[in-house]
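Below is input-v6.cif, holding mmCIF, C-alpha atoms.
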```
data_data
loop_
_atom_site.label_atom_id
_atom_site.label_comp_id
_atom_site.auth_asym_id
_atom_site.auth_seq_id
_atom_site.Cartn_x
_atom_site.Cartn_y
_atom_site.Cartn_z
CA MET G 1 -3.31 29.45 36.52
CA VAL G 2 -4.16 33.34 34.17
CA GLN G 3 -4.22 36.56 32.34
CA PRO G 4 -0.71 37.82 31.90
CA VAL G 5 0.86 39.99 30.64
CA SER G 6 1.54 41.67 33.79
CA LYS G 7 -0.37 43.52 36.34
CA ASN G 8 -3.38 41.30 36.03
CA TYR G 9 -4.30 38.05 37.64
CA HIS G 10 -3.28 35.31 35.28
CA VAL G 11 -5.27 32.38 34.27
CA MET G 12 -3.15 29.30 35.13
CA GLN G 13 -2.45 26.54 32.71
CA ASP G 14 -0.77 23.25 31.97
CA ARG G 15 2.76 22.25 31.63
CA VAL G 16 2.06 18.61 32.05
CA PRO G 17 -1.33 17.09 31.30
CA ALA G 18 -3.76 19.00 33.47
CA ALA G 19 -1.36 21.22 35.31
CA VAL G 20 -1.78 24.88 36.06
CA SER G 21 -1.91 27.70 33.60
CA ILE G 22 -1.61 31.40 33.22
CA VAL G 23 -3.49 33.81 31.12
CA ALA G 24 -1.37 36.74 30.24
CA ALA G 25 -2.94 40.05 29.70
CA SER G 26 -1.61 43.50 29.27
CA ALA G 27 -4.71 45.18 28.01
CA VAL G 28 -7.15 42.44 28.82
CA ALA G 29 -9.38 42.25 31.88
CA SER G 30 -8.11 39.89 34.59
CA ALA G 31 -9.33 36.43 35.41
CA ILE G 32 -8.05 36.17 37.92
CA LEU G 33 -3.65 23.10 46.71
CA ALA G 34 -4.09 18.73 50.43
CA LEU G 35 -5.58 15.63 51.99
CA ALA G 36 -9.14 15.24 53.13
CA PHE G 37 -10.31 16.84 56.31
CA SER G 38 -14.01 16.51 55.62
CA PRO G 39 -15.15 16.29 52.00
CA ALA G 40 -17.31 19.17 50.86
CA PHE G 41 -19.81 17.36 48.68
CA VAL G 42 -23.13 18.69 47.51
CA THR G 43 -24.39 18.43 43.97
CA ALA G 44 -27.22 20.01 42.09
CA THR G 45 -27.86 16.89 40.03
CA SER G 46 -29.28 13.48 40.81
CA ALA G 47 -26.10 11.77 39.59
CA PRO G 48 -23.12 11.68 41.98
CA LEU G 49 -19.89 13.31 40.86
CA PRO G 50 -17.47 10.48 39.97
CA ALA G 51 -14.80 11.84 42.33
CA LYS G 52 -14.22 13.07 45.86
CA ILE G 53 -13.55 16.75 46.55
CA SER G 54 -11.87 17.82 49.78
CA ASP G 55 -11.58 21.45 50.86
CA GLU G 56 -7.93 21.99 51.80
CA THR G 57 -7.89 25.80 51.93
CA ARG G 58 -7.22 25.94 55.66
CA ALA G 59 -3.88 24.18 55.12
CA LEU G 60 -2.69 27.41 53.51
CA GLY G 61 -2.88 29.27 56.82
CA PRO G 62 -1.72 32.85 56.22
CA VAL G 63 -0.15 32.00 52.84
CA PHE G 64 -2.03 33.56 49.89
CA GLN G 65 -4.12 35.53 52.42
CA PRO G 66 -4.67 37.74 50.51
CA GLY G 67 -3.57 36.28 47.21
CA VAL G 68 -4.23 33.85 44.42
CA MET G 69 -2.45 30.68 43.29
CA LEU G 70 -1.51 30.86 39.64
CA SER G 71 1.00 28.05 39.14
CA GLY G 72 2.24 24.80 40.59
CA GLY G 73 4.10 21.58 40.02
CA SER G 74 4.83 18.32 41.82
CA ASN G 75 7.80 15.95 42.06
CA ALA G 76 5.64 13.18 43.56
CA THR G 77 6.58 14.08 47.16
CA THR G 78 6.20 17.87 47.27
CA THR G 79 4.05 20.36 45.39
CA LEU G 80 5.32 23.88 44.85
CA LEU G 81 2.75 26.68 44.63
CA GLY G 82 3.27 30.07 43.07
CA GLY G 83 1.28 33.21 42.47
CA ILE G 84 0.58 36.67 43.78
CA GLY G 85 -0.06 37.98 47.28
CA VAL G 86 -0.33 41.74 47.69
CA TYR G 87 -1.97 43.12 44.56
CA SER G 88 -3.46 46.43 43.45
CA GLN G 89 -5.85 46.39 40.53
CA VAL G 90 -5.58 50.15 40.22
CA SER G 91 -1.79 50.52 40.13
CA GLY G 92 -0.92 47.06 38.85
CA PHE G 93 1.55 46.62 41.71
CA SER G 94 1.93 43.05 42.96
CA LEU G 95 4.21 40.92 45.12
CA PRO G 96 5.09 37.25 44.58
CA VAL G 97 4.15 34.31 46.81
CA PHE G 98 5.89 30.93 46.74
CA ALA G 99 5.15 27.94 48.98
CA ALA G 100 5.83 24.21 49.39
CA LEU G 101 3.07 21.71 50.17
CA SER G 102 3.57 18.12 51.38
CA PRO G 103 1.35 15.39 52.86
CA GLY G 104 1.16 15.09 56.62
CA PRO G 105 -0.44 12.69 59.12
CA SER G 106 -3.42 15.01 59.64
CA GLY G 107 -3.52 16.58 56.21
CA PRO G 108 -1.23 18.62 54.00
CA THR G 109 1.34 21.03 55.36
CA VAL G 110 2.14 24.30 53.59
CA VAL G 111 5.38 26.20 54.25
CA ASN G 112 5.88 29.75 53.02
CA GLU G 113 9.07 29.81 50.94
CA THR G 114 8.61 33.28 49.41
CA SER G 115 11.89 34.56 50.87
CA LEU G 116 13.75 32.08 48.67
CA VAL G 117 12.58 33.67 45.42
CA GLN G 118 11.19 37.09 46.33
CA SER G 119 14.14 39.15 45.13
CA TYR G 120 13.93 37.62 41.64
CA PHE G 121 10.19 38.25 41.17
CA PHE G 122 9.82 41.46 43.17
CA GLU G 123 6.93 43.64 41.97
CA GLY G 124 5.68 40.67 39.99
CA GLY G 125 4.60 37.07 40.47
CA VAL G 126 5.43 33.37 40.09
CA TYR G 127 3.51 32.05 37.09
CA ALA G 128 5.18 28.82 35.95
CA ILE G 129 6.63 25.82 37.83
CA ALA G 130 7.81 22.44 36.52
CA TRP G 131 10.06 19.55 37.64
CA ASN G 132 12.42 17.57 35.42
CA GLY G 133 13.42 14.79 37.81
CA SER G 134 16.31 16.61 39.46
CA SER G 135 15.46 20.32 39.64
CA TRP G 136 12.68 22.87 39.34
CA LEU G 137 12.32 25.49 36.64
CA ILE G 138 10.33 28.51 37.78
CA GLY G 139 9.17 31.39 35.60
CA GLY G 140 7.28 34.60 36.01
CA GLN G 141 7.63 38.33 35.86
CA ARG G 142 8.93 41.36 37.68
CA SER G 143 8.05 44.97 36.95
CA PRO G 144 10.54 47.31 38.60
CA GLY G 145 9.44 50.87 37.95
CA GLY G 146 6.63 49.53 35.81
CA ALA G 147 8.96 47.95 33.24
CA ASP G 148 7.84 44.34 32.67
CA GLN G 149 10.55 41.70 32.55
CA GLY G 150 10.38 37.94 32.17
CA VAL G 151 12.07 36.00 34.99
CA LEU G 152 13.47 32.46 34.91
CA ILE G 153 15.25 30.63 37.74
CA ALA G 154 16.26 27.03 38.50
CA LEU G 155 15.91 25.60 41.99
CA SER G 156 17.80 22.53 43.20
CA GLY G 157 18.33 21.47 46.81
CA GLY G 158 17.52 24.96 48.07
CA THR G 159 20.02 26.59 45.71
CA VAL G 160 18.74 29.13 43.19
CA THR G 161 20.39 29.67 39.81
CA ASN G 162 19.25 32.86 38.13
CA LEU G 163 18.74 32.28 34.40
CA THR G 164 16.94 35.54 33.73
CA GLY G 165 19.88 37.19 32.01
CA ARG G 166 20.05 34.38 29.48
CA VAL G 167 16.44 34.84 28.35
CA ALA G 168 15.92 38.55 29.08
CA ASP G 169 15.97 39.62 25.46
CA HIS G 170 13.31 37.07 24.52
CA PHE G 171 10.83 38.14 27.23
CA ALA G 172 11.55 41.89 27.41
CA GLY G 173 8.36 43.84 28.07
CA GLY G 174 6.44 40.65 28.89
CA GLY G 175 6.84 37.59 31.06
CA VAL G 176 7.35 33.84 31.35
CA TRP G 177 3.90 32.27 31.69
CA SER G 178 4.57 28.56 31.18
CA VAL G 179 7.40 26.04 31.37
CA GLY G 180 7.41 22.35 30.49
CA TRP G 181 9.72 19.32 30.37
CA ASN G 182 9.46 16.53 27.81
CA GLY G 183 12.08 14.16 29.23
CA THR G 184 15.04 15.61 27.36
CA SER G 185 14.60 19.39 27.16
CA TRP G 186 12.67 22.38 28.48
CA LEU G 187 10.17 24.52 26.61
CA ILE G 188 9.53 28.03 27.94
CA GLY G 189 6.57 30.15 26.83
CA GLY G 190 5.36 33.69 27.34
CA ASN G 191 5.60 36.97 25.50
CA SER G 192 7.62 40.08 24.90
CA SER G 193 6.43 43.55 24.06
CA LYS G 194 6.47 42.47 20.42
CA ALA G 195 4.99 38.98 20.15
CA ALA G 196 4.25 35.57 21.63
CA THR G 197 7.49 33.91 22.75
CA LEU G 198 8.64 30.29 22.78
CA VAL G 199 12.17 29.27 23.79
CA ALA G 200 13.78 25.82 24.03
CA TRP G 201 16.51 25.01 26.58
CA ASN G 202 18.53 21.93 25.76
CA ASN G 203 22.02 20.89 26.94
CA GLY G 204 22.64 24.36 28.37
CA SER G 205 21.71 26.17 25.17
CA PHE G 206 18.68 28.45 24.69
CA THR G 207 17.07 28.54 21.24
CA ASP G 208 14.42 31.09 20.25
CA LEU G 209 11.53 29.34 18.45
CA SER G 210 9.18 32.34 18.49
CA SER G 211 9.30 33.03 14.77
CA ARG G 212 7.78 29.59 14.13
CA VAL G 213 4.79 30.08 16.45
CA VAL G 214 1.84 31.80 14.82
CA GLY G 215 0.18 34.40 17.03
CA HIS G 216 -3.17 35.90 16.05
CA GLY G 217 -4.62 39.28 16.94
CA SER G 218 -2.93 41.95 19.01
CA GLN G 219 -0.54 41.10 21.83
CA PRO G 220 -0.62 37.29 21.66
CA TRP G 221 1.14 35.24 24.33
CA VAL G 222 1.94 31.60 25.15
CA GLN G 223 0.68 30.39 28.52
CA MET G 224 0.04 26.69 28.06
CA LEU G 225 2.53 23.94 27.28
CA VAL G 226 1.33 20.34 27.57
CA TRP G 227 3.44 17.34 26.53
CA ASN G 228 1.75 14.04 25.63
CA GLY G 229 4.84 11.93 25.00
CA GLY G 230 5.14 12.76 21.33
CA GLU G 231 4.16 16.38 20.78
CA TRP G 232 3.44 19.62 22.61
CA MET G 233 0.14 21.41 22.65
CA VAL G 234 0.83 25.14 22.73
CA GLY G 235 -1.88 27.56 23.83
CA GLY G 236 -2.46 31.09 24.98
CA HIS G 237 -4.10 34.29 23.89
CA GLY G 238 -4.27 34.18 20.10
CA VAL G 239 -2.23 30.95 20.13
CA PHE G 240 -3.45 27.39 19.58
CA GLY G 241 -1.26 24.79 17.90
CA LEU G 242 0.86 21.67 18.04
CA TRP G 243 4.65 21.60 18.19
CA THR G 244 5.61 18.35 16.50
CA SER G 245 8.80 16.74 15.24
CA THR G 246 8.17 18.38 11.87
CA GLY G 247 7.37 21.89 13.14
CA TYR G 248 4.43 23.99 14.28
CA VAL G 249 0.84 23.24 13.24
CA ASP G 250 -1.45 26.26 13.62
CA LEU G 251 -4.92 25.18 14.81
CA PHE G 252 -6.22 28.62 15.73
CA PRO G 253 -7.94 29.55 12.44
CA ARG G 254 -9.98 26.31 12.52
CA SER G 255 -11.06 26.69 16.15
CA PRO G 256 -13.90 28.51 17.99
CA PHE G 257 -11.40 30.55 20.03
CA GLN G 258 -10.91 33.37 17.52
CA ASN G 259 -11.87 36.11 19.95
CA GLY G 260 -9.63 34.90 22.77
CA GLY G 261 -7.41 31.93 23.38
CA VAL G 262 -6.80 28.39 24.64
CA TYR G 263 -5.70 28.01 28.27
CA SER G 264 -6.30 24.35 29.18
CA ALA G 265 -5.81 20.95 27.59
CA ALA G 266 -5.25 17.31 28.46
CA TRP G 267 -4.44 14.07 26.62
CA ASN G 268 -6.26 10.78 27.24
CA GLY G 269 -3.98 8.51 25.23
CA THR G 270 -5.70 8.99 21.89
CA SER G 271 -7.02 12.57 21.74
CA TRP G 272 -6.49 16.07 23.07
CA LEU G 273 -9.37 17.96 24.68
CA ALA G 274 -8.83 21.71 24.78
CA GLY G 275 -10.70 24.72 26.15
CA GLY G 276 -10.33 28.40 26.84
CA ASP G 277 -12.47 31.44 26.18
CA GLY G 278 -16.15 30.65 25.81
CA ILE G 279 -18.32 27.65 26.36
CA GLU G 280 -17.03 25.19 23.76
CA LEU G 281 -14.54 22.32 24.14
CA VAL G 282 -12.57 21.05 21.17
CA TRP G 283 -11.09 17.68 20.17
CA VAL G 284 -7.67 17.67 18.55
CA ARG G 285 -6.94 14.44 16.72
CA GLY G 286 -4.00 14.34 14.41
CA GLU G 287 -3.84 17.83 13.00
CA ALA G 288 -7.58 18.51 13.05
CA ALA G 289 -9.52 20.53 15.63
CA THR G 290 -13.24 19.67 15.81
CA ALA G 291 -16.14 20.45 18.13
CA ALA G 292 -16.33 18.16 21.19
CA THR G 293 -19.12 19.41 23.47
CA MET G 294 -20.56 22.52 25.09
CA LEU G 295 -20.07 23.33 28.74
CA PRO G 296 -23.08 24.05 31.00
CA SER G 297 -24.61 27.48 30.35
CA GLY G 298 -23.23 29.06 33.55
CA PHE G 299 -19.71 28.01 32.60
CA ASP G 300 -19.50 30.86 30.13
CA ARG G 301 -16.13 32.58 30.56
CA LEU G 302 -12.97 30.49 30.83
CA ALA G 303 -12.04 26.81 30.93
CA LEU G 304 -8.80 26.89 32.92
CA MET G 305 -8.40 23.24 33.94
CA ILE G 306 -8.97 20.01 32.05
CA VAL G 307 -8.22 16.64 33.65
CA SER G 308 -8.45 13.30 31.87
CA ALA G 309 -9.62 10.42 34.08
CA ASP G 310 -10.45 6.78 33.41
CA HIS G 311 -14.14 7.53 33.12
CA GLY G 312 -14.20 10.95 31.47
CA TRP G 313 -13.04 14.54 31.72
CA PHE G 314 -13.16 17.12 34.52
CA VAL G 315 -13.25 20.75 33.43
CA ALA G 316 -12.99 23.75 35.77
CA GLY G 317 -12.70 27.52 35.53
CA LYS G 318 -15.04 30.43 35.81
CA GLY G 319 -18.36 31.89 34.87
CA GLN G 320 -19.64 35.39 35.40
CA THR G 321 -23.00 36.68 36.57
CA ALA G 322 -25.04 39.47 35.02
CA GLU G 323 -23.66 41.66 37.84
CA ASP G 324 -20.09 40.82 36.71
CA ALA G 325 -19.32 38.69 39.78
CA PHE G 326 -17.02 35.71 39.29
CA VAL G 327 -18.49 32.22 39.70
CA PRO G 328 -16.28 29.12 40.14
CA GLU G 329 -17.27 26.33 37.79
CA LEU G 330 -16.76 22.56 37.64
CA ALA G 331 -18.17 20.15 35.06
CA PHE G 332 -17.77 16.48 34.16
CA TRP G 333 -18.15 14.95 30.71
CA THR G 334 -17.94 11.27 29.78
CA GLY G 335 -16.46 12.12 26.39
CA SER G 336 -19.38 10.53 24.59
CA ALA G 337 -20.96 12.37 21.68
CA THR G 338 -24.37 11.24 22.97
CA SER G 339 -23.98 12.88 26.41
CA SER G 340 -23.55 16.47 27.53
CA ALA G 341 -21.31 17.89 30.24
CA THR G 342 -22.87 17.88 33.73
CA ASP G 343 -22.57 20.92 35.99
CA TYR G 344 -21.13 20.04 39.43
CA SER G 345 -20.19 23.56 40.50
CA THR G 346 -22.18 23.28 43.72
CA ALA G 347 -19.79 20.50 44.78
CA LEU G 348 -16.99 23.05 45.04
CA PRO G 349 -15.92 24.25 48.51
CA SER G 350 -17.22 27.66 49.57
CA ALA G 351 -13.60 28.90 49.64
CA PHE G 352 -13.92 29.44 45.88
CA ASP G 353 -17.12 31.53 46.15
CA THR G 354 -17.06 34.71 44.06
CA GLY G 355 -13.78 33.57 42.59
CA ASP G 356 -12.57 30.90 40.19
CA ILE G 357 -10.43 27.82 39.70
CA GLN G 358 -7.23 28.91 38.03
CA GLY G 359 -5.89 25.46 37.29
CA GLY G 360 -5.20 21.89 38.36
CA ILE G 361 -1.88 20.49 39.56
CA PRO G 362 -1.36 16.74 39.25
CA ALA G 363 -0.33 15.72 42.78
CA PRO G 364 0.64 12.03 42.82
CA GLU G 365 1.74 12.30 46.45
CA PHE G 366 -1.99 12.20 47.28
CA GLY G 367 -2.99 9.44 44.86
CA THR G 368 -2.43 8.24 41.31
CA GLU G 369 -5.06 10.52 39.75
CA ALA G 370 -5.17 13.21 42.44
CA VAL G 371 -5.26 16.82 41.32
CA LEU G 372 -4.99 19.96 43.45
CA MET G 373 -7.47 22.52 42.15
CA VAL G 374 -6.20 26.00 43.00
CA GLY G 375 -7.42 29.54 42.56
CA VAL G 376 -9.09 32.36 44.41
CA GLY G 377 -12.22 33.20 46.35
CA SER G 378 -13.82 36.46 47.53
CA TYR G 379 -12.37 38.28 44.54
CA ASN G 380 -12.97 42.02 44.42
CA ALA G 381 -12.78 43.23 40.83
CA ALA G 382 -12.32 46.87 41.85
CA SER G 383 -9.36 46.36 44.18
CA GLY G 384 -7.93 43.13 42.80
CA HIS G 385 -7.91 41.58 46.26
CA GLY G 386 -8.82 37.93 46.74
CA THR G 387 -8.05 34.95 48.97
CA GLY G 388 -6.27 31.77 47.94
CA ALA G 389 -8.51 28.69 47.68
CA MET G 390 -7.52 25.03 47.27
CA ALA G 391 -9.25 21.65 47.00
CA LEU G 392 -8.17 18.08 46.33
CA LEU G 393 -9.93 16.29 43.47
CA GLU G 394 -9.64 12.48 43.56
CA PRO G 395 -11.19 11.07 40.36
CA SER G 396 -10.66 7.47 41.43
CA GLU G 397 -12.85 8.06 44.49
CA GLN G 398 -16.66 8.31 44.50
CA GLY G 399 -18.41 11.12 46.29
CA SER G 400 -21.73 10.68 47.99
#
```
Would you mind giving the structure from this file in structure tokens?
Amino acid sequence: MVQPVSKNYHVMQDRVPAAVSIVAASAVASAILALAFSPAFVTATSAPLPAKISDETRALGPVFQPGVMLSGGSNATTTLLGGIGVYSQVSGFSLPVFAALSPGPSGPTVVNETSLVQSYFFEGGVYAIAWNGSSWLIGGQRSPGGADQGVLIALSGGTVTNLTGRVADHFAGGGVWSVGWNGTSWLIGGNSSKAATLVAWNNGSFTDLSSRVVGHGSQPWVQMLVWNGGEWMVGGHGVFGLWTSTGYVDLFPRSPFQNGGVYSAAWNGTSWLAGGDGIELVWVRGEAATAATMLPSGFDRLALMIVSADHGWFVAGKGQTAEDAFVPELAFWTGSATSSATDYSTALPSAFDTGDIQGGIPAPEFGTEAVLMVGVGSYNAASGHGTGAMALLEPSEQGS
């Protein structure tokens, strides 16, 4: 899900392959999840999209109305959704929204759980959610009196443990935009008023790794953490690299993202595919970043979701019209150097119209490859108001 630093809709991004992201932004313009009812399926091409898309926005009911989903995570039975509800583009004031989604006999059920976390994220939002097998780690930001503060809490069995005080110095003046679990320890990313921030939490101890992450340009931040079983891909504004067993490998100078950042990535077993600002996707193999393919021409702003499937890659995010209106975008690419990405944006439910897809949440409770695409529709750039939108992408299913 994002554009952090605060006071702006984030861009969501991944904690696990193809999860949701956030784009932090303090001085940057904003960018601003359930089972099939009736698939919304129309394409502008002669080839069918190799997946089924189901509009599940109505399962949200009054949740995220208004609002936008900017983060999420699943424990294989329940998906937690986080983001912003009440928001003012002019003042920067926002209020958090937090909800739980689970499968039901007639479709997904969404329960508003904002009261559980509201006091921790008040005047801010929920921007990062991940599960480690026994508990949730949830990150974000609060801005009491306009002073930005990173927030971090753990949630287990309905009990909240506030960890904010233990990381406050690391995220002062910024926020927590991404969290991830690699099987043994947590990685927590975001920014402070000074620089991009990366913190490890292992065996109860927090370790600041920020000095080893290379941030480029002014006000860099970390908003994407994706683990592939052996290394982390770290992305964000002015940040693009690999965190390996031997240290940090800076990929940013050798990438096409020099005027922005990297907000989405996924691993297919042999290679990383990464995207962010602009129209180009990049392969990362070993420690080399090379051109992969170009997205369709209308997909010209942000790649905020990348999903690896058996037969290729799904990429989603946003474009922008000449009149500065947001356009939700979806493309599919086989991964072959001899083929180009195909635009399937017209297959998206109308709930995303004049908005965007902020990210994708792997949701195994709906199927092995199922992903909940989340974001916003009816976005008003002047006021900052929008309406939460959600669809289920099932790559193993064929549309028609």
Using 9 Å as the limit and counting only C-alpha atoms, can you tabulate each residue of segment 76-145 of chain G that touches segment 371-390 of chain G, with its shortest atom-to-atom distance in Å and the two atoms involved, as a Markdown table?
```
| residue | atom | partner | partner_atom | distance |
| --- | --- | --- | --- | --- |
| G:Gly85 | CA | G:His385 | CA | 8.7 |
| G:Val86 | CA | G:His385 | CA | 7.7 |
| G:Tyr87 | CA | G:Gly384 | CA | 6.2 |
| G:Ser88 | CA | G:Gly384 | CA | 5.6 |
| G:Gln89 | CA | G:Gly384 | CA | 4.5 |
| G:Val90 | CA | G:Ser383 | CA | 6.7 |
| G:Gly92 | CA | G:Gly384 | CA | 9.0 |
```
Residue contacts of Ala59 of chain G (8 Å, all atoms listed in the file) excluding same-chain residues fewer than 5 positions away, as a compact mmCIF listing (two decimals) with C-alpha atoms, keeping the file's coordinate frame:
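Result file selection.txt:
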```txt
# COMPACT_ATOMS: atom_id res chain seq x y z
CA ALA G 34 -4.09 18.73 50.43
CA GLY G 107 -3.52 16.58 56.21
CA PRO G 108 -1.23 18.62 54.00
CA THR G 109 1.34 21.03 55.36
CA VAL G 110 2.14 24.30 53.59
```
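Taking only C-alpha atoms into account, Leu225 of chain G lies nearest to G:Trp181 out of the set G:Phe64, G:Tyr248, G:Trp181, G:Tyr120.
When atom CA of Ala303 of chain G is paired with atom CA of Gly180 of chain G, their separation reads 20.0 Å.
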- Item | Residues matched by the PyMOL selection byres ((chain G and resi 392) around 10), written as number ranges by chain | G: 33-36, 39, 51-57, 360-363, 366, 370-374, 390-391, 393-395
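Using all atoms listed in the file, the set of residues no farther than 12 Å from the position (7.3, 10.3, 44.9) comprises Ser74, Asn75, Ala76, Thr77, Thr78, Thr79, Ser102, Pro103, Gly133, Ala363, Pro364, Glu365, Phe366, Gly367 and Thr368 of chain G.
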- Item | Exercise: Leu95 of chain G partners within 9 Å, all atoms listed in the file, chain neighbours under 2 positions left out, as JSON, numbers by chain | {"G": [83, 84, 85, 86, 87, 93, 97, 118, 121, 122, 123, 124, 125, 142]}
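Counting from atom CA of Asn182 of chain G, the distance to atom CA of Ser255 of chain G is 25.7 Å.
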- Message: On this structure, the PyMOL selection byres ((chain G and resi 82) around 8) would catch which residues? List them as a count of residues only, sorted by chain and number.
- Response: 17
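Distance check against Phe206 of chain G using all atoms listed in the file: of G:Gly73, G:Pro48, G:Gly278, G:Gly165, the minimum falls on G:Gly165.
With atom CA of Gly230 of chain G on one side and atom CA of Ala274 of chain G on the other, the separation reads 16.9 Å.
With only C-alpha atoms taken into account, the protein and nucleic acid residues at most 7 Å from Val199 of chain G (excluding it and anything under 5 positions from it in its own chain) are Leu187, Ile188, Gly189, Phe206, Thr207, Asp208, Leu209 and Ser210 of chain G.
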- Item | Selection near Leu302 of chain G, 8 Å with all atoms listed in the file, sequence-local residues under 4 positions removed, as a list of chain:residue names | G:Gly275, G:Gly276, G:Asp277, G:Gly278, G:Ile279, G:Gly317, G:Lys318, G:Gly319
- Which residue gives the smallest distance to Leu242 of chain G among G:Thr334, G:Asn228, G:Ser211, G:Gln358, with all atoms listed in the file counted? G:Asn228
- Task: Considering all atoms listed in the file, state which residue in the set G:Leu251, G:Met305, G:Ile153, G:Val282 is at the smallest distance from Gly140 of chain G.
- Result: G:Ile153
- Ser205 of chain G surroundings by all atoms listed in the file, 12 Å radius, close-in-sequence under 3 positions cut, as a PyMOL selection string: chain G and resi 163+166-167+185-187+199-202+208
Output for the residues just chosen: C-alpha atoms as an mmCIF file, in the coordinates of the input:
```
data_model
loop_
_atom_site.group_PDB
_atom_site.id
_atom_site.type_symbol
_atom_site.label_atom_id
_atom_site.label_comp_id
_atom_site.auth_asym_id
_atom_site.auth_seq_id
_atom_site.Cartn_x
_atom_site.Cartn_y
_atom_site.Cartn_z
ATOM 1 C CA LEU G 163 18.740 32.280 34.400
ATOM 2 C CA ARG G 166 20.050 34.380 29.480
ATOM 3 C CA VAL G 167 16.440 34.840 28.350
ATOM 4 C CA SER G 185 14.600 19.390 27.160
ATOM 5 C CA TRP G 186 12.670 22.380 28.480
ATOM 6 C CA LEU G 187 10.170 24.520 26.610
ATOM 7 C CA VAL G 199 12.170 29.270 23.790
ATOM 8 C CA ALA G 200 13.780 25.820 24.030
ATOM 9 C CA TRP G 201 16.510 25.010 26.580
ATOM 10 C CA ASN G 202 18.530 21.930 25.760
ATOM 11 C CA ASP G 208 14.420 31.090 20.250
#
```
- Output check: residues returned by the PyMOL selection byres ((chain G and resi 343) around 12), as a ChimeraX atom specification: /G:42-49,294-300,314-317,319,328-333,340-342,344-348
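Of the listed residues (G:Ala265, G:Val239, G:Leu60, G:Leu273), G:Val239 comes nearest to Trp221 of chain G; the distances count only C-alpha atoms.
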